[in-house]
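Dumped work.csv below, it's CSV, C-alpha atoms and all ligand atoms:
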chain,number,residue,atom,x,y,z
A,29,MET,CA,-24.2,5.2,-3.2
A,30,SER,CA,-20.9,3.4,-2.8
A,31,ALA,CA,-17.9,5.0,-1.1
A,32,SER,CA,-16.1,5.1,-4.5
A,33,HIS,CA,-19.0,6.8,-6.2
A,34,GLN,CA,-19.3,9.4,-3.5
A,35,LEU,CA,-15.6,10.2,-4.0
A,36,ASP,CA,-16.0,10.3,-7.7
A,37,GLN,CA,-18.7,12.9,-7.2
A,38,ARG,CA,-16.6,14.9,-4.7
A,39,ALA,CA,-13.7,15.1,-7.2
A,40,ARG,CA,-16.1,16.2,-10.0
A,41,THR,CA,-17.6,18.9,-7.8
A,42,ALA,CA,-14.3,20.1,-6.5
A,43,PHE,CA,-13.0,20.2,-10.1
A,44,ARG,CA,-15.9,22.3,-11.3
A,45,GLU,CA,-15.5,24.7,-8.3
A,46,ALA,CA,-11.8,25.1,-8.9
A,47,PHE,CA,-11.8,25.5,-12.7
A,48,GLY,CA,-15.4,26.5,-13.7
A,49,TYR,CA,-16.0,23.6,-16.0
A,50,PRO,CA,-16.4,19.8,-15.7
A,51,PRO,CA,-13.4,17.4,-15.8
A,52,GLY,CA,-12.7,15.3,-19.0
A,53,ALA,CA,-12.0,12.1,-17.1
A,54,VAL,CA,-12.3,10.8,-13.5
A,55,ALA,CA,-10.7,7.7,-12.0
A,56,VAL,CA,-11.1,6.3,-8.5
A,57,ALA,CA,-8.5,3.9,-7.1
A,58,PRO,CA,-8.5,2.0,-3.8
A,59,GLY,CA,-5.9,1.8,-1.0
A,60,ARG,CA,-5.0,-1.6,0.3
A,61,ILE,CA,-4.2,-3.9,3.2
A,62,ASN,CA,-1.6,-6.6,3.0
A,63,ILE,CA,-2.7,-9.7,4.9
A,64,VAL,CA,0.8,-11.1,5.1
A,65,GLY,CA,4.1,-10.7,3.1
A,66,GLU,CA,5.9,-7.7,4.5
A,67,HIS,CA,9.3,-6.6,3.0
A,68,THR,CA,9.0,-9.5,0.6
A,69,ASP,CA,8.0,-7.6,-2.6
A,70,TYR,CA,11.4,-6.1,-3.3
A,71,ASN,CA,13.0,-9.5,-2.5
A,72,GLU,CA,11.0,-10.9,-5.5
A,73,GLY,CA,8.8,-12.8,-3.0
A,74,PHE,CA,5.1,-13.3,-2.3
A,75,VAL,CA,2.6,-10.8,-1.0
A,76,LEU,CA,-1.1,-11.2,-0.2
A,77,PRO,CA,-2.8,-7.8,-0.5
A,78,ALA,CA,-6.5,-6.8,-0.9
A,79,ALA,CA,-7.9,-3.5,-2.0
A,80,ILE,CA,-10.0,-1.7,0.7
A,81,ASP,CA,-13.0,0.6,0.6
A,82,ARG,CA,-10.9,3.7,1.0
A,83,HIS,CA,-10.1,5.5,-2.3
A,84,VAL,CA,-8.3,8.3,-4.1
A,85,ALA,CA,-10.3,10.0,-6.9
A,86,VAL,CA,-8.6,12.1,-9.6
A,87,ALA,CA,-10.6,14.4,-11.8
A,88,LEU,CA,-8.7,15.8,-14.8
A,89,ARG,CA,-9.0,17.8,-17.9
A,90,LEU,CA,-6.4,18.3,-20.7
A,91,ARG,CA,-5.5,21.9,-21.6
A,92,ARG,CA,-4.7,23.3,-25.0
A,93,ASP,CA,-1.3,24.6,-23.8
A,94,ARG,CA,1.4,23.0,-21.6
A,95,GLN,CA,0.4,24.4,-18.3
A,96,ILE,CA,-0.3,22.3,-15.3
A,97,ALA,CA,-2.6,23.1,-12.3
A,98,LEU,CA,-3.1,20.6,-9.5
A,99,ARG,CA,-5.2,20.8,-6.4
A,100,SER,CA,-5.9,18.4,-3.5
A,101,ASP,CA,-8.5,18.2,-0.8
A,102,ARG,CA,-5.6,17.3,1.6
A,103,TYR,CA,-3.3,20.2,1.0
A,104,GLY,CA,-4.0,23.9,0.7
A,105,GLY,CA,-3.0,25.9,-2.3
A,106,SER,CA,-2.3,24.6,-5.7
A,107,VAL,CA,0.7,23.3,-7.7
A,108,ALA,CA,1.0,25.5,-10.9
A,109,LEU,CA,3.7,24.9,-13.5
A,110,ASP,CA,4.4,26.0,-17.1
A,111,GLY,CA,5.1,22.5,-18.2
A,112,LEU,CA,6.2,19.0,-16.9
A,113,PRO,CA,9.3,19.6,-14.8
A,114,PRO,CA,12.4,17.4,-15.4
A,115,ARG,CA,12.9,16.8,-11.7
A,116,ARG,CA,10.8,16.4,-8.6
A,117,GLN,CA,9.5,19.5,-6.8
A,118,GLY,CA,9.4,18.0,-3.4
A,119,ASN,CA,5.7,18.1,-2.7
A,120,TRP,CA,2.6,16.0,-3.2
A,121,GLY,CA,2.3,17.1,-6.9
A,122,ASP,CA,5.3,14.9,-7.7
A,123,TYR,CA,3.0,11.8,-7.5
A,124,LEU,CA,1.0,13.3,-10.4
A,125,LEU,CA,3.9,14.9,-12.3
A,126,GLY,CA,5.9,11.7,-12.3
A,127,VAL,CA,3.1,9.6,-13.7
A,128,ALA,CA,2.5,12.3,-16.4
A,129,ARG,CA,6.2,12.2,-17.3
A,130,GLN,CA,6.2,8.4,-17.6
A,131,ILE,CA,3.2,8.6,-19.9
A,132,SER,CA,4.8,11.4,-22.0
A,133,GLY,CA,8.0,9.3,-22.1
A,134,ARG,CA,6.2,6.4,-23.6
A,135,PHE,CA,3.6,7.9,-25.8
A,136,GLY,CA,5.0,11.3,-26.7
A,137,GLU,CA,4.6,14.6,-24.8
A,138,GLY,CA,1.0,15.5,-24.2
A,139,PRO,CA,-0.7,18.8,-23.4
A,140,GLY,CA,-0.8,20.3,-20.0
A,141,PHE,CA,-3.7,19.4,-17.6
A,142,GLU,CA,-5.7,20.5,-14.6
A,143,ALA,CA,-6.4,17.9,-11.9
A,144,VAL,CA,-8.2,17.7,-8.6
A,145,VAL,CA,-7.5,15.0,-6.0
A,146,ALA,CA,-10.1,13.9,-3.5
A,147,SER,CA,-9.4,11.1,-1.0
A,148,ASP,CA,-10.5,9.2,2.1
A,149,ILE,CA,-7.3,7.2,2.5
A,150,PRO,CA,-5.3,8.4,5.5
A,151,VAL,CA,-2.0,9.6,4.2
A,152,GLY,CA,1.2,7.9,5.3
A,153,ALA,CA,-0.6,5.3,7.4
A,154,GLY,CA,0.6,2.4,5.2
A,155,LEU,CA,-2.7,2.0,3.3
A,156,SER,CA,-1.1,3.1,0.1
A,157,SER,CA,-2.6,6.5,-0.5
A,158,SER,CA,0.4,7.1,-2.8
A,159,GLY,CA,-0.2,4.0,-4.9
A,160,ALA,CA,-3.9,4.8,-5.2
A,161,LEU,CA,-3.1,8.4,-6.3
A,162,GLU,CA,-0.6,7.2,-8.9
A,163,VAL,CA,-3.0,4.7,-10.4
A,164,ALA,CA,-5.9,7.1,-10.4
A,165,VAL,CA,-4.0,9.8,-12.1
A,166,ALA,CA,-2.5,7.3,-14.6
A,167,VAL,CA,-5.9,5.9,-15.5
A,168,ALA,CA,-7.5,9.4,-15.8
A,169,LEU,CA,-4.7,10.8,-17.8
A,170,LEU,CA,-4.5,7.8,-20.2
A,171,ALA,CA,-8.3,8.0,-20.7
A,172,ALA,CA,-8.1,11.8,-21.3
A,173,ARG,CA,-5.4,11.2,-23.9
A,174,GLY,CA,-7.2,8.2,-25.5
A,175,ILE,CA,-4.4,5.8,-24.8
A,176,GLU,CA,-5.1,2.1,-23.9
A,177,MET,CA,-2.7,0.2,-21.7
A,178,ALA,CA,-2.8,-3.2,-19.9
A,179,PRO,CA,-3.2,-3.0,-16.1
A,180,LEU,CA,0.2,-4.6,-15.5
A,181,ALA,CA,1.9,-2.1,-17.7
A,182,ILE,CA,0.1,0.7,-15.9
A,183,ALA,CA,1.2,-0.7,-12.5
A,184,GLN,CA,4.8,-0.8,-13.7
A,185,LEU,CA,4.6,2.7,-15.1
A,186,CYS,CA,3.3,4.0,-11.7
A,187,GLN,CA,6.0,2.1,-9.9
A,188,ALA,CA,8.7,3.5,-12.2
A,189,SER,CA,7.4,7.0,-11.4
A,190,GLU,CA,7.5,6.4,-7.6
A,191,ASN,CA,11.0,4.9,-7.8
A,192,GLY,CA,12.5,7.3,-10.3
A,193,PHE,CA,10.7,10.6,-10.0
A,194,VAL,CA,9.3,10.7,-6.4
A,195,GLY,CA,12.4,8.8,-5.2
A,196,ALA,CA,10.9,6.1,-3.0
A,197,ARG,CA,12.2,2.6,-3.7
A,198,THR,CA,8.9,0.8,-3.4
A,199,GLY,CA,7.8,-2.5,-4.9
A,200,ILE,CA,4.9,-3.0,-7.2
A,201,MET,CA,2.3,-4.4,-4.8
A,202,ASP,CA,0.4,-1.2,-4.1
A,203,GLN,CA,-0.1,-0.2,-7.7
A,204,PHE,CA,-0.8,-3.8,-8.8
A,205,THR,CA,-3.5,-4.2,-6.1
A,206,ALA,CA,-5.2,-0.8,-6.9
A,207,LEU,CA,-5.5,-2.0,-10.5
A,208,ARG,CA,-6.3,-5.7,-10.3
A,209,ALA,CA,-8.1,-6.3,-7.0
A,210,ARG,CA,-11.4,-8.1,-6.9
A,211,GLY,CA,-14.1,-7.5,-4.2
A,212,GLY,CA,-14.1,-10.2,-1.5
A,213,ASN,CA,-10.7,-11.5,-2.5
A,214,ALA,CA,-7.1,-11.1,-1.7
A,215,ILE,CA,-4.4,-11.3,-4.4
A,216,LEU,CA,-1.6,-13.8,-4.1
A,217,LEU,CA,1.1,-12.0,-6.1
A,218,ASP,CA,4.4,-13.5,-7.0
A,219,CYS,CA,6.6,-10.4,-7.2
A,220,ARG,CA,9.2,-12.3,-9.4
A,221,SER,CA,6.9,-13.6,-12.2
A,222,LEU,CA,4.1,-11.1,-11.5
A,223,GLU,CA,1.7,-14.0,-11.7
A,224,ASP,CA,-1.4,-13.5,-9.6
A,225,GLU,CA,-4.2,-15.6,-8.1
A,226,TYR,CA,-7.3,-14.5,-6.4
A,227,VAL,CA,-8.0,-16.2,-3.1
A,228,PRO,CA,-11.3,-15.8,-1.3
A,229,LEU,CA,-11.4,-13.8,1.9
A,230,PRO,CA,-13.6,-14.8,4.9
A,231,ASP,CA,-17.3,-13.9,4.8
A,232,GLY,CA,-18.9,-11.3,7.1
A,233,ARG,CA,-18.5,-13.4,10.3
A,234,LEU,CA,-14.9,-12.1,10.4
A,235,ALA,CA,-13.8,-8.5,10.0
A,236,TRP,CA,-10.6,-6.6,9.2
A,237,LEU,CA,-9.8,-3.8,11.6
A,238,LEU,CA,-6.9,-1.4,11.2
A,239,ALA,CA,-5.6,0.2,14.3
A,240,ASP,CA,-3.5,3.2,13.4
A,241,THR,CA,-0.8,4.1,15.9
A,242,ARG,CA,-0.8,7.6,14.4
A,243,VAL,CA,2.9,7.8,14.8
A,244,ARG,CA,5.5,7.8,12.0
A,245,HIS,CA,9.0,7.5,13.4
A,246,GLU,CA,11.8,9.4,11.7
A,247,LEU,CA,13.7,6.2,11.1
A,248,ALA,CA,11.2,4.8,8.6
A,249,SER,CA,12.6,5.7,5.2
A,250,THR,CA,16.3,5.4,6.0
A,251,ALA,CA,15.6,2.0,7.7
A,252,TYR,CA,13.6,0.9,4.7
A,253,ASN,CA,16.5,1.6,2.3
A,254,GLN,CA,18.9,0.0,4.8
A,255,ARG,CA,16.8,-3.2,4.9
A,256,ARG,CA,16.8,-3.4,1.2
A,257,THR,CA,20.6,-3.1,1.1
A,258,GLU,CA,21.0,-5.7,3.8
A,259,CYS,CA,18.7,-8.1,1.9
A,260,GLU,CA,20.7,-7.5,-1.3
A,261,ALA,CA,23.9,-8.1,0.5
A,262,ALA,CA,22.6,-11.4,2.0
A,263,ALA,CA,21.5,-12.6,-1.5
A,264,ARG,CA,24.9,-11.7,-3.0
A,265,MET,CA,26.6,-13.6,-0.2
A,266,LEU,CA,24.7,-16.7,-1.3
A,267,GLY,CA,25.4,-16.0,-5.0
A,268,LEU,CA,21.7,-15.4,-5.7
A,269,THR,CA,20.0,-12.5,-7.5
A,270,SER,CA,17.4,-12.2,-4.8
A,271,LEU,CA,16.4,-13.8,-1.5
A,272,ARG,CA,13.5,-15.4,-3.3
A,273,GLU,CA,15.7,-18.4,-4.2
A,274,ALA,CA,17.1,-18.7,-0.7
A,275,THR,CA,16.0,-21.5,1.7
A,276,ALA,CA,16.3,-22.0,5.4
A,277,ASP,CA,19.3,-24.3,4.8
A,278,ASP,CA,21.2,-21.4,3.2
A,279,LEU,CA,21.0,-19.2,6.4
A,280,GLU,CA,24.1,-20.6,8.1
A,281,ARG,CA,26.2,-19.6,5.1
A,282,ILE,CA,25.4,-15.9,5.7
A,283,GLN,CA,28.2,-14.7,7.9
A,284,ASP,CA,26.9,-11.4,9.0
A,285,PRO,CA,24.4,-12.0,11.9
A,286,VAL,CA,22.3,-9.0,11.0
A,287,GLU,CA,22.0,-10.0,7.3
A,288,ARG,CA,21.3,-13.6,8.4
A,289,ARG,CA,18.3,-12.4,10.5
A,290,ARG,CA,17.0,-10.2,7.7
A,291,ALA,CA,17.2,-13.1,5.3
A,292,ARG,CA,15.5,-15.4,7.8
A,293,HIS,CA,12.5,-13.0,7.9
A,294,VAL,CA,12.2,-12.9,4.2
A,295,ILE,CA,12.4,-16.7,3.8
A,296,THR,CA,10.0,-17.5,6.6
A,297,GLU,CA,7.6,-14.7,5.5
A,298,ASN,CA,7.4,-16.0,2.0
A,299,ALA,CA,6.4,-19.4,3.5
A,300,ARG,CA,3.8,-17.7,5.6
A,301,VAL,CA,2.2,-16.0,2.6
A,302,LEU,CA,1.9,-19.4,0.9
A,303,ARG,CA,0.4,-21.0,4.0
A,304,ALA,CA,-2.0,-18.1,4.4
A,305,ALA,CA,-3.2,-18.3,0.8
A,306,ASP,CA,-3.7,-22.0,1.4
A,307,ALA,CA,-5.8,-21.5,4.5
A,308,LEU,CA,-8.0,-19.0,2.5
A,309,ARG,CA,-8.3,-21.4,-0.4
A,310,ARG,CA,-9.5,-24.1,2.0
A,311,ARG,CA,-12.0,-21.6,3.4
A,312,ALA,CA,-10.3,-21.9,6.8
A,313,PRO,CA,-9.6,-18.3,7.6
A,314,ARG,CA,-9.1,-18.9,11.3
A,315,GLY,CA,-5.9,-20.5,10.2
A,316,LEU,CA,-4.6,-17.0,9.5
A,317,GLY,CA,-4.3,-16.3,13.3
A,318,PRO,CA,-1.0,-18.0,14.1
A,319,ILE,CA,0.4,-16.8,10.7
A,320,LEU,CA,-0.3,-13.2,11.5
A,321,TYR,CA,1.3,-13.4,15.0
A,322,ALA,CA,4.3,-15.2,13.6
A,323,SER,CA,4.7,-12.5,10.9
A,324,HIS,CA,4.7,-9.8,13.6
A,325,GLU,CA,7.3,-11.6,15.7
A,326,SER,CA,9.5,-12.1,12.6
A,327,LEU,CA,9.2,-8.4,11.7
A,328,ARG,CA,9.9,-7.3,15.3
A,329,LEU,CA,12.9,-9.6,16.0
A,330,ASP,CA,14.5,-10.6,12.7
A,331,PHE,CA,13.7,-7.7,10.5
A,332,ALA,CA,13.6,-5.1,13.4
A,333,VAL,CA,11.1,-2.8,11.9
A,334,SER,CA,8.4,-2.7,14.6
A,335,CYS,CA,8.1,-0.1,17.3
A,336,ARG,CA,6.6,0.1,20.8
A,337,GLU,CA,3.3,1.5,19.6
A,338,LEU,CA,2.8,-1.3,17.1
A,339,ASP,CA,3.9,-4.0,19.6
A,340,CYS,CA,1.5,-2.6,22.1
A,341,LEU,CA,-1.5,-2.8,19.7
A,342,VAL,CA,-0.7,-6.3,18.7
A,343,GLU,CA,-0.2,-7.5,22.3
A,344,LEU,CA,-3.5,-5.9,23.3
A,345,ALA,CA,-5.3,-7.6,20.4
A,346,ALA,CA,-3.7,-10.9,21.2
A,347,GLY,CA,-5.2,-10.8,24.7
A,348,MET,CA,-8.7,-10.8,23.4
A,349,PRO,CA,-10.7,-14.0,22.7
A,350,GLN,CA,-12.6,-12.3,19.8
A,351,VAL,CA,-9.3,-11.7,17.9
A,352,ILE,CA,-8.1,-14.3,15.4
A,353,GLY,CA,-4.8,-12.7,14.7
A,354,ALA,CA,-2.9,-9.4,14.4
A,355,ARG,CA,0.4,-8.0,13.1
A,356,MET,CA,2.1,-4.8,12.2
A,357,MET,CA,1.4,-3.9,8.6
A,358,GLY,CA,3.5,-1.9,6.1
A,359,GLY,CA,7.1,-0.7,6.2
A,360,GLY,CA,7.2,-0.4,10.0
A,361,PHE,CA,8.1,2.2,12.6
A,362,GLY,CA,4.5,3.4,12.9
A,363,GLY,CA,1.4,3.2,10.7
A,364,CYS,CA,-1.2,0.5,11.3
A,365,ALA,CA,-1.7,-2.8,13.0
A,366,LEU,CA,-3.9,-5.2,11.0
A,367,VAL,CA,-6.4,-7.1,13.2
A,368,LEU,CA,-8.6,-10.0,12.1
A,369,THR,CA,-11.5,-10.3,14.5
A,370,GLU,CA,-14.9,-11.9,14.9
A,371,SER,CA,-17.3,-9.2,13.5
A,372,THR,CA,-19.4,-9.3,16.6
A,373,GLY,CA,-16.4,-8.4,18.7
A,374,THR,CA,-15.2,-5.4,16.7
A,375,ASP,CA,-16.6,-2.7,19.1
A,376,ASP,CA,-15.0,-4.5,22.1
A,377,VAL,CA,-11.7,-4.8,20.4
A,378,GLU,CA,-11.6,-1.1,19.5
A,379,GLN,CA,-12.5,-0.2,23.0
A,380,HIS,CA,-9.8,-2.5,24.6
A,381,LEU,CA,-7.1,-1.3,22.2
A,382,SER,CA,-8.1,2.4,22.7
A,383,GLN,CA,-7.9,2.1,26.4
A,384,GLY,CA,-4.7,0.1,26.6
A,385,TYR,CA,-2.9,2.3,24.1
A,386,ALA,CA,-4.0,5.5,25.8
A,387,GLU,CA,-2.7,4.2,29.1
A,388,GLU,CA,0.8,3.8,27.6
A,389,PHE,CA,1.1,6.5,25.0
A,390,HIS,CA,-1.4,9.1,26.2
A,391,ARG,CA,-3.1,9.3,22.9
A,392,SER,CA,-5.8,7.2,21.1
A,393,PRO,CA,-5.2,5.1,18.0
A,394,ALA,CA,-7.5,5.7,15.0
A,395,PHE,CA,-9.5,2.8,13.7
A,396,TYR,CA,-10.6,1.9,10.2
A,397,ARG,CA,-13.0,-0.9,9.5
A,398,VAL,CA,-12.3,-2.1,6.0
A,399,ARG,CA,-13.6,-4.7,3.5
A,400,ALA,CA,-12.1,-6.0,0.3
A,401,VAL,CA,-13.3,-4.2,-2.8
A,402,ASP,CA,-12.6,-4.1,-6.6
A,403,GLY,CA,-9.7,-2.4,-8.1
A,404,VAL,CA,-9.7,0.9,-10.0
A,405,MET,CA,-13.1,2.0,-11.3
A,406,PRO,CA,-13.0,2.1,-15.1
A,407,GLU,CA,-12.6,5.8,-15.8
A,408,ARG,CA,-15.6,7.5,-17.5
A,409,ALA,CA,-14.6,10.0,-20.0
A,410,MET,CA,-17.3,12.6,-20.4
B,1,LIG,P1,1.1,5.8,2.1
B,1,LIG,O1,1.1,5.4,0.7
B,1,LIG,O2,1.3,4.7,3.0
B,1,LIG,O3,-0.2,6.6,2.4
B,1,LIG,P2,3.3,7.4,1.3
B,1,LIG,O4,4.3,8.1,2.1
B,1,LIG,O5,3.8,6.3,0.4
B,1,LIG,O6,2.3,6.9,2.4
B,1,LIG,O7,2.5,8.4,0.4
B,1,LIG,C1,2.0,9.5,1.0
B,1,LIG,C2,2.1,10.7,0.0
B,1,LIG,O8,1.2,10.6,-1.1
B,1,LIG,C3,1.7,12.0,0.6
B,1,LIG,O9,2.8,12.6,1.4
B,1,LIG,C4,1.3,12.9,-0.6
B,1,LIG,O10,2.5,13.4,-1.2
B,1,LIG,C5,0.7,11.8,-1.5
B,1,LIG,N1,-0.8,11.8,-1.3
B,1,LIG,C6,-1.5,10.9,-0.7
B,1,LIG,N2,-2.8,11.2,-0.7
B,1,LIG,C7,-2.9,12.4,-1.3
B,1,LIG,C8,-4.0,13.3,-1.6
B,1,LIG,N3,-5.2,13.1,-1.3
B,1,LIG,N4,-3.6,14.5,-2.3
B,1,LIG,C9,-2.4,14.8,-2.6
B,1,LIG,N5,-1.3,14.0,-2.3
B,1,LIG,C10,-1.6,12.8,-1.7
B,2,MG,MG,2.8,4.7,-0.4
For the structure just supplied, provide its representation as structure tokens.
Ligand code: ADP
Ligand code: MG
Amino acid sequence: MSASHQLDQRARTAFREAFGYPPGAVAVAPGRINIVGEHTDYNEGFVLPAAIDRHVAVALRLRRDRQIALRSDRYGGSVALDGLPPRRQGNWGDYLLGVARQISGRFGEGPGFEAVVASDIPVGAGLSSSGALEVAVAVALLAARGIEMAPLAIAQLCQASENGFVGARTGIMDQFTALRARGGNAILLDCRSLEDEYVPLPDGRLAWLLADTRVRHELASTAYNQRRTECEAAARMLGLTSLREATADDLERIQDPVERRRARHVITENARVLRAADALRRRAPRGLGPILYASHESLRLDFAVSCRELDCLVELAAGMPQVIGARMMGGGFGGCALVLTESTGTDDVEQHLSQGYAEEFHRSPAFYRVRAVDGVMPERAM
């Protein structure tokens, strides 16, 4: 049984145990890696994500009244409400309530519902547990209400919920990937036009390994918003709506040295995404190596979002002959490093990273070996 089927079963069983009857709809959505293209999505640039074999499942049943009851295998207790609240509650339930509000806003207020979340995506590690949760609840709730919606529109609805209701200013990459991904492929996504193209990932001779620092520095969310503001300021300085239109020649016209460095990261990172997609199209995945390392350096120096733990993991990986390339992944200040390695070397790489990391930080990283899978499983209404 596949990992997503197992999770589907877990959510069903947990729902039945919690409420005493089976769910009306279940949806299972994957987390994601991003091969390259960090902090480019909100600059209308390019990203290159792939869905991974880690999922969130949501089992859900509509009620006859307006009441809402939510449970999760990750959090104790339950969220219970008399109806959809107008504002965020400040807990994990917001990810479901925000999506439900978006759906109600577009299609008319629906009845209350009961939902159970089951997941094997580590939370807050940069693998998009939040995007997977939003997409799973959207697909399950739409199915339960008998509403059809195009994948792109669902992704936008989920993003609107995360931005507006939860209050995190994130781009559309996570939700788009959870909906549209195809096994064995990455998605080259143009975040300006929202055009996408599948590009084939390497075969089993190479493997993706995530090394989780297991740290999340306080700085993360304030720095994220600050970087967005700096990028917007740089674009304004150039008279552009976003840094997507900027080129390397524009850089000297940005007076503020910090904004200039931020812009340089975005411009060079967009170019790296296109080069990476090209290497994959040409079935030359080893060409990703220098691109991954260059992305890390740009994030570390120009965008200033790395941290000692991430740098340590990337340096350790770079010292191994089995490793093709590595970089920090996600918003920064913690979370995971993404490592592309020869499959036969994965055990050695884990051991080397574990040892080197423990020597410096007196704790071990967590490892996830992931492969590229399909997007959200079509919900099955029962
Ligand atoms: P990431 O998306 O990188 O994992 P985020 O901070 O964007 O990290 O989202 C994590 C949040 O998503 C959690 O704090 C929680 O509110 C919600 N979440 C993720 N997984 C679950 C789950 N299984 N059950 C309930 N809430 C979840
Ligand atoms: Mg997230």
Kindly assemble as JSON lines a list of the chain A residues that lie within 8 Å of ligand LIG 1 (chain B), each paired with its nearest atom pair and their distance in Å to one decimal, using all atoms listed in the file, sorted first by chain and then by ascending residue number.
{"residue": "A:Val84", "atom": "CA", "partner": "B:LIG1", "partner_atom": "N3", "distance": 6.4}
{"residue": "A:Arg99", "atom": "CA", "partner": "B:LIG1", "partner_atom": "C9", "distance": 7.6}
{"residue": "A:Ser100", "atom": "CA", "partner": "B:LIG1", "partner_atom": "N4", "distance": 4.7}
{"residue": "A:Asp101", "atom": "CA", "partner": "B:LIG1", "partner_atom": "N3", "distance": 6.1}
{"residue": "A:Arg102", "atom": "CA", "partner": "B:LIG1", "partner_atom": "N3", "distance": 5.1}
{"residue": "A:Tyr103", "atom": "CA", "partner": "B:LIG1", "partner_atom": "C9", "distance": 6.6}
{"residue": "A:Asn119", "atom": "CA", "partner": "B:LIG1", "partner_atom": "O10", "distance": 5.9}
{"residue": "A:Trp120", "atom": "CA", "partner": "B:LIG1", "partner_atom": "O10", "distance": 3.3}
{"residue": "A:Gly121", "atom": "CA", "partner": "B:LIG1", "partner_atom": "N5", "distance": 6.6}
{"residue": "A:Asp122", "atom": "CA", "partner": "B:LIG1", "partner_atom": "O10", "distance": 7.2}
{"residue": "A:Tyr123", "atom": "CA", "partner": "B:LIG1", "partner_atom": "C5", "distance": 6.4}
{"residue": "A:Val145", "atom": "CA", "partner": "B:LIG1", "partner_atom": "N4", "distance": 5.4}
{"residue": "A:Ala146", "atom": "CA", "partner": "B:LIG1", "partner_atom": "N3", "distance": 5.4}
{"residue": "A:Ser147", "atom": "CA", "partner": "B:LIG1", "partner_atom": "N3", "distance": 4.7}
{"residue": "A:Asp148", "atom": "CA", "partner": "B:LIG1", "partner_atom": "N3", "distance": 7.4}
{"residue": "A:Ile149", "atom": "CA", "partner": "B:LIG1", "partner_atom": "N2", "distance": 6.8}
{"residue": "A:Pro150", "atom": "CA", "partner": "B:LIG1", "partner_atom": "O3", "distance": 6.2}
{"residue": "A:Val151", "atom": "CA", "partner": "B:LIG1", "partner_atom": "O3", "distance": 3.9}
{"residue": "A:Gly152", "atom": "CA", "partner": "B:LIG1", "partner_atom": "O6", "distance": 3.3}
{"residue": "A:Ala153", "atom": "CA", "partner": "B:LIG1", "partner_atom": "O2", "distance": 4.8}
{"residue": "A:Gly154", "atom": "CA", "partner": "B:LIG1", "partner_atom": "O2", "distance": 3.3}
{"residue": "A:Leu155", "atom": "CA", "partner": "B:LIG1", "partner_atom": "O2", "distance": 4.8}
{"residue": "A:Ser156", "atom": "CA", "partner": "B:LIG1", "partner_atom": "O1", "distance": 3.2}
{"residue": "A:Ser157", "atom": "CA", "partner": "B:LIG1", "partner_atom": "O3", "distance": 3.8}
{"residue": "A:Ser158", "atom": "CA", "partner": "B:LIG1", "partner_atom": "O1", "distance": 4.0}
{"residue": "A:Gly159", "atom": "CA", "partner": "B:LIG1", "partner_atom": "O1", "distance": 5.9}
{"residue": "A:Ala160", "atom": "CA", "partner": "B:LIG1", "partner_atom": "O1", "distance": 7.8}
{"residue": "A:Leu161", "atom": "CA", "partner": "B:LIG1", "partner_atom": "N2", "distance": 6.3}
{"residue": "A:Ala196", "atom": "CA", "partner": "B:LIG1", "partner_atom": "O5", "distance": 7.9}
{"residue": "A:Gly358", "atom": "CA", "partner": "B:LIG1", "partner_atom": "O2", "distance": 7.6}
{"residue": "A:Gly363", "atom": "CA", "partner": "B:LIG1", "partner_atom": "O2", "distance": 7.8}
Subject >> A:Leu341, A:Arg303, A:Gly359, A:Arg310 ranked by distance to ligand MG 2 (chain B), top pick (using all atoms listed in the file) >> reply: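 So, comparing all the options, the nearest one is A:Gly359.
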Original post:
Taking (9.3, 6.3, 4.0) in the file's coordinates as the center, which residues reach within 10 Å of it, counting only C-alpha atoms, put as a PyMOL selection string?
Top reply: chain A and resi 152+154+196-198+244-253+359-361
Can you write out the residues you just picked, keeping C-alpha atoms, as a CSV table (one decimal), in the frame of the given file?
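Written file, selection_10.csv:
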chain,number,residue,atom,x,y,z
A,152,GLY,CA,1.2,7.9,5.3
A,154,GLY,CA,0.6,2.4,5.2
A,196,ALA,CA,10.9,6.1,-3.0
A,197,ARG,CA,12.2,2.6,-3.7
A,198,THR,CA,8.9,0.8,-3.4
A,244,ARG,CA,5.5,7.8,12.0
A,245,HIS,CA,9.0,7.5,13.4
A,246,GLU,CA,11.8,9.4,11.7
A,247,LEU,CA,13.7,6.2,11.1
A,248,ALA,CA,11.2,4.8,8.6
A,249,SER,CA,12.6,5.7,5.2
A,250,THR,CA,16.3,5.4,6.0
A,251,ALA,CA,15.6,2.0,7.7
A,252,TYR,CA,13.6,0.9,4.7
A,253,ASN,CA,16.5,1.6,2.3
A,359,GLY,CA,7.1,-0.7,6.2
A,360,GLY,CA,7.2,-0.4,10.0
A,361,PHE,CA,8.1,2.2,12.6
**OP:** Considering all atoms listed in the file, state which residue in the set A:Leu302, A:Leu109, A:Ala262, A:Ala365 is at the smallest distance from A:Glu287.
**Re:**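 Ranked by minimum distance to A:Glu287, first place goes to A:Ala262.
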Original post:
From the list A:Ala57, A:Cys340, A:Ala291, A:Ile352, which residue is nearest A:Arg256 when using only C-alpha atoms?
Top reply: A:Ala291
Original post:
Do you have the atom CA of A:Thr369-atom CA of A:Gly403 distance handy?
Top reply: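 Calculated distance between atom CA of A:Thr369 and atom CA of A:Gly403 is 24.0 Å.
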**OP:** Tell me which protein, DNA and RNA residues are within 10 Å of A:Val167, counting only C-alpha atoms, leaving out same-chain ones fewer than 5 positions away, and put them as a list in words.
**Re:** Ala53, Val54, Ala55, Val56, Ala57, Val86, Val127, Leu161, Glu162, Ala172, Arg173, Ile175, Glu176, Met177, Pro179, Ile182, Leu207, Val404, Met405, Pro406 and Glu407 of chain A
